[in-house]
Amino acid sequence: IESSWLTPKLLGRVGRMNNVAVFIGLLFWGWIWGAWGMLLAYPIIVVLKTTSDHVEALKPLGELLGE
């Protein structure tokens with residue numbers, strides 16, 4: 001139940017991300033670090049979005065990464 005329902009629901013609520021930005025992030029981090037970069041791309045982008053949502057100077061980046 002946890003892996004099929006709860007985790008996707010919570011991740012979807014917390015990380016409302018632009019699909020194109022996530023795809024480009026996957027390509028970029030996969031190119032830089034290979035398979036490990038592709039695994040870490042989504043958490044890195046979520047951290048960037050959360051930080052940019054809370055820092056006034058980075059608000060445009062947060063809007064770009066958001067849904």
# chains A, B, ... in the order shown; residues from 1 in each chain; ligands from 1
$ select_by_dssp --residues "chain A" --states "alpha helix (DSSP H)" --output "ChimeraX atom specification"
/A:7-14,19-33,35-54,59-65
$ atom_distance --atom1 "CA of Leu40 (chain A)" --atom2 "CA of Ala21 (chain A)"
14.3 Å
$ residues_around --residues "region 23-29 of chain A" --least-positions-apart "5" --cutoff "10 Å" --atoms "only C-alpha atoms" --output "number ranges by chain"
A: 18, 34-42, 44-45
$ atom_distance --atom1 "CA of Met17 (chain A)" --atom2 "CA of Leu64 (chain A)"
9.0 Å
$ residues_around --residues "Leu65 (chain A)" --least-positions-apart "3" --cutoff "10 Å" --atoms "only C-alpha atoms" --output "list in words"
Gly15, Arg16, Met17, Asn18, Asn19, Val20, Ala21, Val22, Ile45, Val46, Leu48, Lys49, Thr50, Ser52, Asp53, Lys59, Pro60, Leu61 and Gly62 of chain A
